[in-house]
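Enquirer: What follows is upload.pdb, made up of PDB, C-alpha atoms:
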```pdb
ATOM      1  CA  MET T 983       0.000   0.000   0.000
ATOM      2  CA  THR T 984       1.375   3.400  -1.000
ATOM      3  CA  ARG T 985       2.114   5.729   1.893
ATOM      4  CA  VAL T 986       2.173   9.495   1.308
ATOM      5  CA  PHE T 987       3.701  12.090   3.630
ATOM      6  CA  SER T 988       3.892  15.856   3.326
ATOM      7  CA  GLY T 989       3.854  18.870   5.583
ATOM      8  CA  VAL T 990       3.399  22.609   5.805
ATOM      9  CA  LYS T 991       5.573  24.967   7.839
ATOM     10  CA  PRO T 992       3.797  27.551  10.059
ATOM     11  CA  THR T 993       6.085  30.483   9.284
ATOM     12  CA  GLY T 994       3.368  32.666   7.777
ATOM     13  CA  HIS T 995      -0.238  32.699   6.630
ATOM     14  CA  LEU T 996      -0.942  30.077   3.970
ATOM     15  CA  THR T 997      -1.253  31.411   0.448
ATOM     16  CA  LEU T 998      -2.931  30.713  -2.854
ATOM     17  CA  GLY T 999       0.370  29.132  -3.895
ATOM     18  CA  ASN T1000       0.208  26.707  -0.966
ATOM     19  CA  TYR T1001      -3.359  25.812  -1.890
ATOM     20  CA  LEU T1002      -2.961  25.334  -5.643
ATOM     21  CA  GLY T1003       0.462  23.747  -5.398
ATOM     22  CA  ALA T1004      -0.136  21.484  -2.412
ATOM     23  CA  LEU T1005      -3.266  21.528  -0.236
ATOM     24  CA  ARG T1006      -5.815  21.055  -3.006
ATOM     25  CA  GLN T1007      -3.757  18.246  -4.495
ATOM     26  CA  TRP T1008      -3.501  16.549  -1.109
ATOM     27  CA  ALA T1009      -7.278  16.652  -0.687
ATOM     28  CA  ALA T1010      -8.136  15.584  -4.241
ATOM     29  CA  VAL T1011      -5.490  12.911  -4.725
ATOM     30  CA  GLY T1012      -3.070  12.423  -1.840
ATOM     31  CA  GLN T1013      -5.478  11.372   0.881
ATOM     32  CA  HIS T1014      -7.005   8.752  -1.415
ATOM     33  CA  GLN T1015      -3.673   7.113  -2.211
ATOM     34  CA  GLY T1016      -3.325   4.300   0.257
ATOM     35  CA  GLU T1017      -2.219   5.698   3.623
ATOM     36  CA  ALA T1018      -1.611   9.457   3.773
ATOM     37  CA  LEU T1019      -0.136  11.613   6.531
ATOM     38  CA  PHE T1020      -0.169  15.419   6.488
ATOM     39  CA  CYS T1021       1.703  17.358   9.123
ATOM     40  CA  VAL T1022       2.113  20.890  10.449
ATOM     41  CA  VAL T1023       5.915  20.889  10.743
ATOM     42  CA  ASP T1024       6.190  23.381  13.582
ATOM     43  CA  LEU T1025       9.720  22.402  14.628
ATOM     44  CA  HIS T1026      10.972  23.770  11.306
ATOM     45  CA  ALA T1027       9.557  27.184  12.226
ATOM     46  CA  LEU T1028      12.152  27.463  15.001
ATOM     47  CA  THR T1029      15.151  27.665  12.647
ATOM     48  CA  VAL T1030      14.801  31.457  12.393
ATOM     49  CA  GLU T1031      13.917  34.295  14.759
ATOM     50  CA  HIS T1032      10.276  33.892  15.741
ATOM     51  CA  ASP T1033       7.581  34.930  18.169
ATOM     52  CA  PRO T1034       6.491  31.837  20.156
ATOM     53  CA  ALA T1035       2.875  32.990  20.393
ATOM     54  CA  ARG T1036       2.764  33.582  16.636
ATOM     55  CA  VAL T1037       4.151  30.110  15.896
ATOM     56  CA  ARG T1038       1.422  28.558  18.054
ATOM     57  CA  ARG T1039      -1.251  30.708  16.398
ATOM     58  CA  LEU T1040      -0.058  29.932  12.885
ATOM     59  CA  SER T1041       0.231  26.223  13.702
ATOM     60  CA  ARG T1042      -3.411  26.157  14.786
ATOM     61  CA  GLN T1043      -4.435  28.121  11.716
ATOM     62  CA  ALA T1044      -2.475  25.847   9.385
ATOM     63  CA  ALA T1045      -4.094  22.746  10.880
ATOM     64  CA  SER T1046      -7.545  24.300  10.469
ATOM     65  CA  LEU T1047      -6.796  25.231   6.860
ATOM     66  CA  LEU T1048      -5.637  21.708   6.071
ATOM     67  CA  LEU T1049      -9.050  20.493   7.160
ATOM     68  CA  ALA T1050     -10.854  23.400   5.478
ATOM     69  CA  SER T1051      -9.083  22.533   2.229
ATOM     70  CA  GLY T1052     -10.697  19.120   2.218
ATOM     71  CA  LEU T1053      -8.461  16.784   4.194
ATOM     72  CA  ASP T1054     -10.698  14.238   5.916
ATOM     73  CA  PRO T1055      -9.444  12.642   9.172
ATOM     74  CA  ALA T1056     -11.410   9.533   8.208
ATOM     75  CA  LEU T1057      -9.222   9.184   5.113
ATOM     76  CA  CYS T1058      -5.853  10.523   6.253
ATOM     77  CA  THR T1059      -3.811  11.438   9.322
ATOM     78  CA  VAL T1060      -3.507  15.136  10.185
ATOM     79  CA  PHE T1061      -1.182  16.043  13.054
ATOM     80  CA  VAL T1062       1.439  18.431  14.414
ATOM     81  CA  GLN T1063       5.102  17.433  14.148
ATOM     82  CA  SER T1064       6.137  18.334  17.700
ATOM     83  CA  HIS T1065       3.353  16.128  19.098
ATOM     84  CA  VAL T1066       5.221  13.041  17.840
ATOM     85  CA  ASP T1067       8.600  12.592  19.546
ATOM     86  CA  GLU T1068       9.853  10.204  16.872
ATOM     87  CA  HIS T1069      10.635  13.129  14.557
ATOM     88  CA  ALA T1070      13.243  14.545  16.945
ATOM     89  CA  ARG T1071      14.540  11.081  17.882
ATOM     90  CA  LEU T1072      15.225  10.130  14.283
ATOM     91  CA  SER T1073      16.561  13.561  13.354
ATOM     92  CA  TYR T1074      19.711  13.010  15.400
ATOM     93  CA  LEU T1075      20.375   9.698  13.699
ATOM     94  CA  MET T1076      20.053  11.440  10.337
ATOM     95  CA  GLU T1077      22.624  14.021  11.476
ATOM     96  CA  CYS T1078      24.931  11.107  12.275
ATOM     97  CA  VAL T1079      24.532   9.768   8.727
ATOM     98  CA  ALA T1080      24.593  13.065   6.805
ATOM     99  CA  THR T1081      27.769  15.008   6.088
ATOM    100  CA  ASP T1082      28.627  18.637   6.721
ATOM    101  CA  GLY T1083      29.088  19.179   2.987
ATOM    102  CA  GLU T1084      25.600  17.896   2.215
ATOM    103  CA  MET T1085      24.040  20.257   4.710
ATOM    104  CA  ARG T1086      25.971  23.280   3.460
ATOM    105  CA  ARG T1087      25.009  22.600  -0.160
ATOM    106  CA  MET T1088      21.295  22.961   0.560
ATOM    107  CA  ILE T1089      19.986  25.975  -1.343
ATOM    108  CA  GLN T1090      17.883  27.510   1.436
ATOM    109  CA  TYR T1091      20.770  27.389   3.895
ATOM    110  CA  ARG T1092      23.191  28.960   1.418
ATOM    111  CA  GLU T1093      20.818  31.782   0.519
ATOM    112  CA  LYS T1094      19.781  32.647   4.073
ATOM    113  CA  ALA T1095      23.305  32.320   5.463
ATOM    114  CA  ALA T1096      24.625  34.627   2.743
ATOM    115  CA  ARG T1097      21.993  37.271   3.490
ATOM    116  CA  GLU T1098      22.774  37.113   7.189
ATOM    117  CA  ARG T1099      26.531  37.446   6.601
ATOM    118  CA  VAL T1100      25.903  40.638   4.622
ATOM    119  CA  ARG T1101      24.120  42.003   7.689
ATOM    120  CA  GLY T1102      27.038  41.007   9.885
ATOM    121  CA  GLY T1103      25.132  38.227  11.624
ATOM    122  CA  SER T1104      24.950  34.457  11.634
ATOM    123  CA  VAL T1105      22.130  31.944  11.193
ATOM    124  CA  ARG T1106      21.047  29.400  13.763
ATOM    125  CA  LEU T1107      22.681  25.979  13.721
ATOM    126  CA  SER T1108      19.231  24.441  13.259
ATOM    127  CA  LEU T1109      18.970  26.127   9.851
ATOM    128  CA  LEU T1110      22.012  24.127   8.769
ATOM    129  CA  THR T1111      20.808  20.826  10.201
ATOM    130  CA  TYR T1112      17.065  21.054   9.573
ATOM    131  CA  PRO T1113      17.247  19.016   6.324
ATOM    132  CA  ALA T1114      18.174  16.093   8.565
ATOM    133  CA  LEU T1115      14.963  16.701  10.502
ATOM    134  CA  MET T1116      13.038  16.903   7.225
ATOM    135  CA  ALA T1117      14.526  13.561   6.198
ATOM    136  CA  ALA T1118      13.455  12.141   9.560
ATOM    137  CA  ASP T1119       9.927  13.478   9.007
ATOM    138  CA  ILE T1120       9.702  11.413   5.833
ATOM    139  CA  LEU T1121      11.657   8.286   6.727
ATOM    140  CA  ALA T1122       9.966   7.746  10.094
ATOM    141  CA  TYR T1123       6.765   6.822   8.254
ATOM    142  CA  ASP T1124       8.269   4.629   5.516
ATOM    143  CA  ALA T1125       6.729   7.081   3.050
ATOM    144  CA  ASP T1126       6.713   6.016  -0.600
ATOM    145  CA  GLU T1127       5.727   9.415  -1.990
ATOM    146  CA  VAL T1128       6.339  12.987  -0.853
ATOM    147  CA  PRO T1129       4.272  15.616  -2.718
ATOM    148  CA  VAL T1130       6.438  18.748  -2.914
ATOM    149  CA  GLY T1131       6.963  21.897  -4.918
ATOM    150  CA  ASP T1132      10.096  22.426  -6.958
ATOM    151  CA  ASP T1133      11.812  24.325  -4.137
ATOM    152  CA  GLN T1134      11.620  21.325  -1.804
ATOM    153  CA  ALA T1135      12.675  18.613  -4.255
ATOM    154  CA  GLN T1136      16.306  18.923  -3.108
ATOM    155  CA  HIS T1137      15.306  17.961   0.426
ATOM    156  CA  VAL T1138      13.542  14.818  -0.745
ATOM    157  CA  GLU T1139      16.651  13.873  -2.734
ATOM    158  CA  LEU T1140      18.674  14.254   0.465
ATOM    159  CA  ALA T1141      16.205  12.019   2.330
ATOM    160  CA  ARG T1142      16.567   9.426  -0.418
ATOM    161  CA  GLY T1143      20.341   9.549  -0.167
ATOM    162  CA  LEU T1144      20.336   9.238   3.618
ATOM    163  CA  ALA T1145      17.909   6.305   3.501
ATOM    164  CA  VAL T1146      20.103   4.452   1.017
ATOM    165  CA  ARG T1147      23.272   5.184   3.013
ATOM    166  CA  PHE T1148      21.704   4.087   6.301
ATOM    167  CA  ASN T1149      20.361   0.890   4.735
ATOM    168  CA  GLN T1150      23.756   0.050   3.241
ATOM    169  CA  ARG T1151      25.690   0.698   6.450
ATOM    170  CA  TYR T1152      23.359  -0.682   9.083
ATOM    171  CA  GLY T1153      20.933  -2.997   7.329
ATOM    172  CA  HIS T1154      17.709  -2.340   5.493
ATOM    173  CA  THR T1155      15.585  -0.092   7.719
ATOM    174  CA  PHE T1156      13.968   2.655   5.633
ATOM    175  CA  THR T1157      11.802   2.878   2.552
ATOM    176  CA  VAL T1158      13.484   5.081  -0.072
ATOM    177  CA  PRO T1159      10.907   7.807  -0.888
ATOM    178  CA  ARG T1160      10.294   9.647  -4.153
ATOM    179  CA  ALA T1161       9.148  13.207  -4.749
ATOM    180  CA  THR T1162       5.932  13.806  -6.678
ATOM    181  CA  ARG T1163       4.847  17.126  -8.174
ATOM    182  CA  PRO T1164       1.463  18.384  -9.380
ATOM    183  CA  ALA T1165       1.301  18.989 -13.130
ATOM    184  CA  VAL T1166      -0.226  22.494 -12.983
ATOM    185  CA  ALA T1167       0.533  25.449 -10.699
ATOM    186  CA  ALA T1168       3.277  23.616  -8.842
ATOM    187  CA  ARG T1169       4.819  27.002  -8.185
ATOM    188  CA  VAL T1170       2.577  30.080  -8.117
ATOM    189  CA  MET T1171       4.621  33.256  -8.403
ATOM    190  CA  ASN T1172       4.362  36.558  -6.542
ATOM    191  CA  LEU T1173       1.927  38.918  -8.277
ATOM    192  CA  GLN T1174       4.298  41.869  -7.795
ATOM    193  CA  ASP T1175       7.503  39.956  -8.508
ATOM    194  CA  PRO T1176       6.818  37.074 -10.910
ATOM    195  CA  ALA T1177      10.442  35.972 -10.657
ATOM    196  CA  SER T1178       9.813  34.924  -7.031
ATOM    197  CA  LYS T1179       7.398  32.335  -5.702
ATOM    198  CA  MET T1180       4.328  33.350  -3.711
ATOM    199  CA  GLY T1181       5.835  32.463  -0.337
ATOM    200  CA  LYS T1182       4.014  32.664   2.974
ATOM    201  CA  SER T1183       7.154  34.035   4.661
ATOM    202  CA  ASP T1184       7.496  36.824   2.095
ATOM    203  CA  ASP T1185       7.086  40.420   3.228
ATOM    204  CA  THR T1186       5.675  41.785  -0.043
ATOM    205  CA  GLY T1187       2.039  41.454   0.951
ATOM    206  CA  PRO T1188       0.483  43.110  -2.142
ATOM    207  CA  GLY T1189       1.859  40.309  -4.308
ATOM    208  CA  ILE T1190       0.559  37.493  -2.132
ATOM    209  CA  VAL T1191      -2.998  36.182  -2.010
ATOM    210  CA  TYR T1192      -3.633  34.600   1.372
ATOM    211  CA  LEU T1193      -6.234  31.872   1.787
ATOM    212  CA  LEU T1194      -8.142  33.951   4.325
ATOM    213  CA  ASP T1195      -8.083  37.212   2.344
ATOM    214  CA  GLU T1196     -11.534  38.734   1.879
ATOM    215  CA  PRO T1197     -12.858  38.638  -1.716
ATOM    216  CA  GLU T1198     -12.353  42.370  -2.254
ATOM    217  CA  VAL T1199      -8.766  42.119  -1.058
ATOM    218  CA  VAL T1200      -8.164  39.242  -3.491
ATOM    219  CA  ARG T1201      -9.637  41.242  -6.375
ATOM    220  CA  LYS T1202      -7.527  44.287  -5.551
ATOM    221  CA  LYS T1203      -4.293  42.288  -5.407
ATOM    222  CA  VAL T1204      -4.963  40.495  -8.686
ATOM    223  CA  MET T1205      -6.019  43.657 -10.524
ATOM    224  CA  ARG T1206      -2.753  45.308  -9.421
ATOM    225  CA  ALA T1207      -0.625  42.351 -10.524
ATOM    226  CA  VAL T1208       2.480  43.163 -12.540
ATOM    227  CA  THR T1209       2.141  42.341 -16.232
ATOM    228  CA  ASP T1210       4.694  42.837 -18.968
ATOM    229  CA  SER T1211       5.457  45.404 -21.606
ATOM    230  CA  GLY T1212       5.440  44.087 -25.128
ATOM    231  CA  GLU T1213       3.363  43.906 -28.236
ATOM    232  CA  GLY T1214       1.212  41.085 -29.488
ATOM    233  CA  GLY T1215      -1.588  40.997 -26.895
ATOM    234  CA  VAL T1216      -1.965  38.349 -24.208
ATOM    235  CA  VAL T1217       0.604  35.625 -24.862
ATOM    236  CA  TYR T1218       1.707  32.719 -22.689
ATOM    237  CA  ASP T1219       5.499  32.940 -22.494
ATOM    238  CA  ARG T1220       7.055  32.037 -19.158
ATOM    239  CA  GLU T1221      10.504  33.373 -20.113
ATOM    240  CA  GLU T1222       9.629  36.642 -21.856
ATOM    241  CA  ARG T1223       6.348  37.515 -20.108
ATOM    242  CA  PRO T1224       6.473  35.956 -16.631
ATOM    243  CA  GLY T1225       3.787  38.219 -15.130
ATOM    244  CA  VAL T1226       1.144  37.318 -17.712
ATOM    245  CA  ALA T1227       2.243  33.678 -17.699
ATOM    246  CA  ASN T1228       1.732  33.578 -13.933
ATOM    247  CA  LEU T1229      -1.821  34.945 -14.266
ATOM    248  CA  LEU T1230      -2.630  32.432 -17.002
ATOM    249  CA  GLU T1231      -1.286  29.558 -14.911
ATOM    250  CA  ILE T1232      -3.356  30.673 -11.928
ATOM    251  CA  LEU T1233      -6.457  30.888 -14.127
ATOM    252  CA  ALA T1234      -5.761  27.430 -15.547
ATOM    253  CA  ALA T1235      -5.352  25.979 -12.065
ATOM    254  CA  CYS T1236      -8.514  27.618 -10.748
ATOM    255  CA  ALA T1237     -10.873  27.324 -13.705
ATOM    256  CA  GLY T1238      -9.347  24.594 -15.873
ATOM    257  CA  GLY T1239      -7.759  24.645 -19.293
ATOM    258  CA  GLU T1240      -4.259  25.115 -20.613
ATOM    259  CA  PRO T1241      -2.487  28.475 -20.117
ATOM    260  CA  ALA T1242      -1.528  28.864 -23.784
ATOM    261  CA  GLU T1243      -5.066  28.107 -24.964
ATOM    262  CA  LEU T1244      -6.589  30.462 -22.400
ATOM    263  CA  ALA T1245      -4.341  33.275 -23.613
ATOM    264  CA  ALA T1246      -5.952  33.147 -27.028
ATOM    265  CA  GLY T1247      -9.278  34.202 -25.507
ATOM    266  CA  TYR T1248      -8.049  37.601 -24.277
ATOM    267  CA  ASP T1249      -7.172  40.807 -26.048
ATOM    268  CA  SER T1250      -6.364  42.850 -22.925
ATOM    269  CA  TYR T1251      -4.610  42.388 -19.614
ATOM    270  CA  GLY T1252      -7.537  43.993 -17.791
ATOM    271  CA  ALA T1253     -10.007  41.343 -18.943
ATOM    272  CA  LEU T1254      -7.564  38.593 -18.011
ATOM    273  CA  LYS T1255      -7.000  40.025 -14.543
ATOM    274  CA  LYS T1256     -10.743  40.341 -13.923
ATOM    275  CA  ASP T1257     -11.335  36.685 -14.786
ATOM    276  CA  VAL T1258      -8.347  35.558 -12.729
ATOM    277  CA  ALA T1259      -9.596  37.526  -9.729
ATOM    278  CA  GLU T1260     -13.084  36.000  -9.902
ATOM    279  CA  ALA T1261     -11.688  32.502 -10.424
ATOM    280  CA  VAL T1262      -9.462  32.852  -7.357
ATOM    281  CA  VAL T1263     -12.307  34.236  -5.235
ATOM    282  CA  GLU T1264     -14.524  31.277  -6.165
ATOM    283  CA  VAL T1265     -11.804  28.689  -5.559
ATOM    284  CA  LEU T1266     -11.080  30.087  -2.093
ATOM    285  CA  ARG T1267     -14.706  30.674  -1.084
ATOM    286  CA  PRO T1268     -15.405  27.152   0.278
ATOM    287  CA  VAL T1269     -12.062  27.107   2.081
ATOM    288  CA  ARG T1270     -12.806  30.364   3.887
ATOM    289  CA  GLU T1271     -16.334  29.240   4.761
ATOM    290  CA  ARG T1272     -15.195  25.891   6.145
ATOM    291  CA  HIS T1273     -12.377  27.589   8.085
ATOM    292  CA  ARG T1274     -14.926  29.904   9.685
ATOM    293  CA  GLU T1275     -16.939  26.858  10.828
ATOM    294  CA  LEU T1276     -13.857  25.165  12.263
ATOM    295  CA  CYS T1277     -12.859  28.296  14.175
ATOM    296  CA  ALA T1278     -16.265  28.219  15.825
ATOM    297  CA  ASP T1279     -15.537  24.689  17.082
ATOM    298  CA  PRO T1280     -11.866  24.638  18.206
ATOM    299  CA  GLY T1281     -12.411  21.460  20.188
ATOM    300  CA  HIS T1282     -12.995  19.563  16.962
ATOM    301  CA  VAL T1283      -9.642  20.615  15.500
ATOM    302  CA  GLU T1284      -7.834  19.804  18.748
ATOM    303  CA  GLY T1285      -9.439  16.361  18.764
ATOM    304  CA  VAL T1286      -8.386  15.703  15.173
ATOM    305  CA  LEU T1287      -4.790  16.671  15.997
ATOM    306  CA  ARG T1288      -4.731  14.578  19.152
ATOM    307  CA  GLU T1289      -6.033  11.483  17.349
ATOM    308  CA  GLY T1290      -3.755  12.165  14.394
ATOM    309  CA  ALA T1291      -0.670  12.350  16.607
ATOM    310  CA  ALA T1292      -1.551   9.052  18.298
ATOM    311  CA  ARG T1293      -2.003   7.387  14.905
ATOM    312  CA  ALA T1294       1.227   8.878  13.550
ATOM    313  CA  ARG T1295       3.136   7.818  16.653
ATOM    314  CA  GLY T1296       1.925   4.255  16.232
ATOM    315  CA  ILE T1297       3.255   4.192  12.660
ATOM    316  CA  ALA T1298       6.580   5.916  13.309
ATOM    317  CA  ARG T1299       7.713   4.338  16.574
ATOM    318  CA  PRO T1300       8.477   0.813  15.251
ATOM    319  CA  THR T1301      10.554   2.245  12.399
ATOM    320  CA  VAL T1302      12.485   4.633  14.636
ATOM    321  CA  ASP T1303      13.053   1.924  17.266
ATOM    322  CA  ALA T1304      14.402  -0.329  14.507
ATOM    323  CA  ALA T1305      16.746   2.448  13.362
ATOM    324  CA  TYR T1306      18.051   2.889  16.924
ATOM    325  CA  ARG T1307      18.800  -0.836  17.161
ATOM    326  CA  ALA T1308      20.371  -0.932  13.688
ATOM    327  CA  ILE T1309      22.776   1.950  14.337
ATOM    328  CA  GLY T1310      24.051   0.341  17.559
ATOM    329  CA  LEU T1311      22.039   1.793  20.452
ATOM    330  CA  LEU T1312      20.950  -0.362  23.379
ATOM    331  CA  ALA T1313      17.243  -0.952  23.815
ATOM    332  CA  PRO T1314      15.845   0.696  26.971
TER
END
```
Would you mind writing the structure in this file as structure tokens?
Expert:
Amino acid sequence: MTRVFSGVKPTGHLTLGNYLGALRQWAAVGQHQGEALFCVVDLHALTVEHDPARVRRLSRQAASLLLASGLDPALCTVFVQSHVDEHARLSYLMECVATDGEMRRMIQYREKAARERVRGGSVRLSLLTYPALMAADILAYDADEVPVGDDQAQHVELARGLAVRFNQRYGHTFTVPRATRPAVAARVMNLQDPASKMGKSDDTGPGIVYLLDEPEVVRKKVMRAVTDSGEGGVVYDREERPGVANLLEILAACAGGEPAELAAGYDSYGALKKDVAEAVVEVLRPVRERHRELCADPGHVEGVLREGAARARGIARPTVDAAYRAIGLLAP
């Protein structure tokens, strides 16, 4: 039976990019593929400066939005990472298998460390080692598939490498996972900077559509989206016209169709933006409505997370215990 694992980090409010690139796919496909686990990876939010109260608030909100997006606890396991000790237990073993060079080659570490050096500062050690924790997140559950966006594919490749290395050195213990990517809108770009993804940790709010934005806010952000100068009308060209291409990809993901074919139906950017705005509003409407219902019943969400953690713990513990024995640690 195929086992699927993926997670979302509570470092900011979830965005349209998170929904189209991940959450919707998890609800429509992932949770129906054998055994699926979806996690709020709150430990990863501690790798940078943070407000503890905000991390807790965003973790709760992320869990509620996973459910509001269509994840069904009867079909899949929804839980919070820090509620399952096996993640931290296995993370140290992964650090003992990984190399310093592998950690320092990870793109996110290199970029953030470079920015911090320019400011005269230094990043936290956990930012360097967190890919080992991400590998532990995946390997603890013997996951076969890990749905990810392009920016996280490198981490799944690391998890694959660590699983193979551990199995070769200490005996077969882990399933070697593979990354899977959605075909459309795997990476929604910032409306004000189409060269950058629509990230929840970004500080350019006008270019980001959040899942809980009111309809009028969504419309305003889309109508102000950056397009491109150039002749020839509305054309789908990711390289030459990234702003328009981003709008067409969002429209395709929300309303169906192929971006290039949709482009042929427009003779102005204004008409395209109006249709994109309405398509986004309609796609997010049921999510916002369901989230409002869940907020009115916080006990339900807490119960789902409690049951999910117990289920996840039952799956992960035998694998992590086996890894401890295989690497040479005495049983308690």
Enquirer: Have a look at atom CA of T:Ser1064 and atom CA of T:His1014 and let me know their distance in Å, one decimal.
Expert: 25.1 Å
Enquirer: Please provide the set of residues having any atom within 12 Å of stretch 1254-1256 of chain T, restricted to all atoms listed in the file, with same-chain residues fewer than 6 positions apart removed, written as a PyMOL selection string.
Expert: chain T and resi 1173+1198+1200-1209+1215-1218+1225-1234+1241+1244-1248+1262-1263
Enquirer: Quick one: which stretch 1152-1230 of chain T residues come within 10 Å of stretch 1123-1141 of chain T, and what is the nearest atom pair for each with the distance in Å to one decimal, counting all atoms listed in the file, rows ordered by chain and ascending number, as a Markdown table?
Expert:
```
| residue | atom | partner | partner_atom | distance |
| --- | --- | --- | --- | --- |
| T:Thr1155 | CA | T:Asp1124 | CA | 9.0 |
| T:Phe1156 | CA | T:Asp1124 | CA | 6.0 |
| T:Thr1157 | CA | T:Asp1124 | CA | 4.9 |
| T:Val1158 | CA | T:Asp1126 | CA | 6.9 |
| T:Pro1159 | CA | T:Asp1126 | CA | 4.6 |
| T:Arg1160 | CA | T:Glu1127 | CA | 5.1 |
| T:Ala1161 | CA | T:Val1128 | CA | 4.8 |
| T:Thr1162 | CA | T:Pro1129 | CA | 4.7 |
| T:Arg1163 | CA | T:Pro1129 | CA | 5.7 |
| T:Pro1164 | CA | T:Pro1129 | CA | 7.7 |
| T:Ala1167 | CA | T:Gly1131 | CA | 9.3 |
| T:Ala1168 | CA | T:Gly1131 | CA | 5.7 |
| T:Arg1169 | CA | T:Gly1131 | CA | 6.4 |
| T:Val1170 | CA | T:Gly1131 | CA | 9.8 |
| T:Lys1179 | CA | T:Asp1133 | CA | 9.3 |
```
Enquirer: Carefully work through the PyMOL selection byres ((chain T and resi 1020) around 6) for this structure and note down the residues it includes, as a PyMOL selection string.
Expert: chain T and resi 987-989+1019+1021+1060
Enquirer: Written as a PyMOL selection string, which residues does the PyMOL selection byres ((chain T and resi 998) around 7) give for the file shown?
Expert: chain T and resi 997+999-1002+1191-1193
Enquirer: Mind giving me the straight-line distance from atom CA of T:Ala1294 to atom CA of T:Ala1080 in Å, one decimal?
Expert: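 Atom CA of T:Ala1080 lies 24.7 Å from atom CA of T:Ala1294.
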Enquirer: From the block I gave, I'd like stretch 1122-1138 of chain T written with N, CA and C atoms, as a PDB file, in the first residue's frame.
Expert:
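Result went into selection_19.pdb, see below:
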```pdb
ATOM      1  N   ALA T1122      10.602   8.357   8.922  1.00  0.00           N
ATOM      2  CA  ALA T1122       9.966   7.746  10.094  1.00  0.00           C
ATOM      3  C   ALA T1122       8.684   7.009   9.728  1.00  0.00           C
ATOM      4  N   TYR T1123       8.055   7.407   8.631  1.00  0.00           N
ATOM      5  CA  TYR T1123       6.765   6.822   8.254  1.00  0.00           C
ATOM      6  C   TYR T1123       6.859   5.860   7.079  1.00  0.00           C
ATOM      7  N   ASP T1124       8.099   5.506   6.681  1.00  0.00           N
ATOM      8  CA  ASP T1124       8.269   4.629   5.516  1.00  0.00           C
ATOM      9  C   ASP T1124       7.460   5.146   4.337  1.00  0.00           C
ATOM     10  N   ALA T1125       7.514   6.474   4.123  1.00  0.00           N
ATOM     11  CA  ALA T1125       6.729   7.081   3.050  1.00  0.00           C
ATOM     12  C   ALA T1125       7.265   6.658   1.688  1.00  0.00           C
ATOM     13  N   ASP T1126       6.342   6.328   0.780  1.00  0.00           N
ATOM     14  CA  ASP T1126       6.713   6.016  -0.600  1.00  0.00           C
ATOM     15  C   ASP T1126       6.768   7.286  -1.437  1.00  0.00           C
ATOM     16  N   GLU T1127       5.826   8.203  -1.192  1.00  0.00           N
ATOM     17  CA  GLU T1127       5.727   9.415  -1.990  1.00  0.00           C
ATOM     18  C   GLU T1127       5.682  10.642  -1.094  1.00  0.00           C
ATOM     19  N   VAL T1128       6.331  11.724  -1.573  1.00  0.00           N
ATOM     20  CA  VAL T1128       6.339  12.987  -0.853  1.00  0.00           C
ATOM     21  C   VAL T1128       5.938  14.076  -1.844  1.00  0.00           C
ATOM     22  N   PRO T1129       4.676  14.548  -1.808  1.00  0.00           N
ATOM     23  CA  PRO T1129       4.272  15.616  -2.718  1.00  0.00           C
ATOM     24  C   PRO T1129       4.938  16.926  -2.315  1.00  0.00           C
ATOM     25  N   VAL T1130       5.710  17.512  -3.225  1.00  0.00           N
ATOM     26  CA  VAL T1130       6.438  18.748  -2.914  1.00  0.00           C
ATOM     27  C   VAL T1130       6.446  19.674  -4.119  1.00  0.00           C
ATOM     28  N   GLY T1131       6.705  20.947  -3.848  1.00  0.00           N
ATOM     29  CA  GLY T1131       6.963  21.897  -4.918  1.00  0.00           C
ATOM     30  C   GLY T1131       8.415  21.800  -5.346  1.00  0.00           C
ATOM     31  N   ASP T1132       8.744  22.493  -6.414  1.00  0.00           N
ATOM     32  CA  ASP T1132      10.096  22.426  -6.958  1.00  0.00           C
ATOM     33  C   ASP T1132      11.152  22.837  -5.943  1.00  0.00           C
ATOM     34  N   ASP T1133      10.814  23.805  -5.067  1.00  0.00           N
ATOM     35  CA  ASP T1133      11.812  24.325  -4.137  1.00  0.00           C
ATOM     36  C   ASP T1133      12.147  23.354  -3.020  1.00  0.00           C
ATOM     37  N   GLN T1134      11.348  22.303  -2.860  1.00  0.00           N
ATOM     38  CA  GLN T1134      11.620  21.325  -1.804  1.00  0.00           C
ATOM     39  C   GLN T1134      12.141  19.998  -2.344  1.00  0.00           C
ATOM     40  N   ALA T1135      12.244  19.872  -3.663  1.00  0.00           N
ATOM     41  CA  ALA T1135      12.675  18.613  -4.255  1.00  0.00           C
ATOM     42  C   ALA T1135      14.073  18.218  -3.776  1.00  0.00           C
ATOM     43  N   GLN T1136      14.943  19.208  -3.556  1.00  0.00           N
ATOM     44  CA  GLN T1136      16.306  18.923  -3.108  1.00  0.00           C
ATOM     45  C   GLN T1136      16.309  18.216  -1.754  1.00  0.00           C
ATOM     46  N   HIS T1137      15.360  18.578  -0.899  1.00  0.00           N
ATOM     47  CA  HIS T1137      15.306  17.961   0.426  1.00  0.00           C
ATOM     48  C   HIS T1137      14.863  16.501   0.343  1.00  0.00           C
ATOM     49  N   VAL T1138      13.958  16.209  -0.580  1.00  0.00           N
ATOM     50  CA  VAL T1138      13.542  14.818  -0.745  1.00  0.00           C
ATOM     51  C   VAL T1138      14.694  13.990  -1.307  1.00  0.00           C
TER      52      VAL T1138
END
```
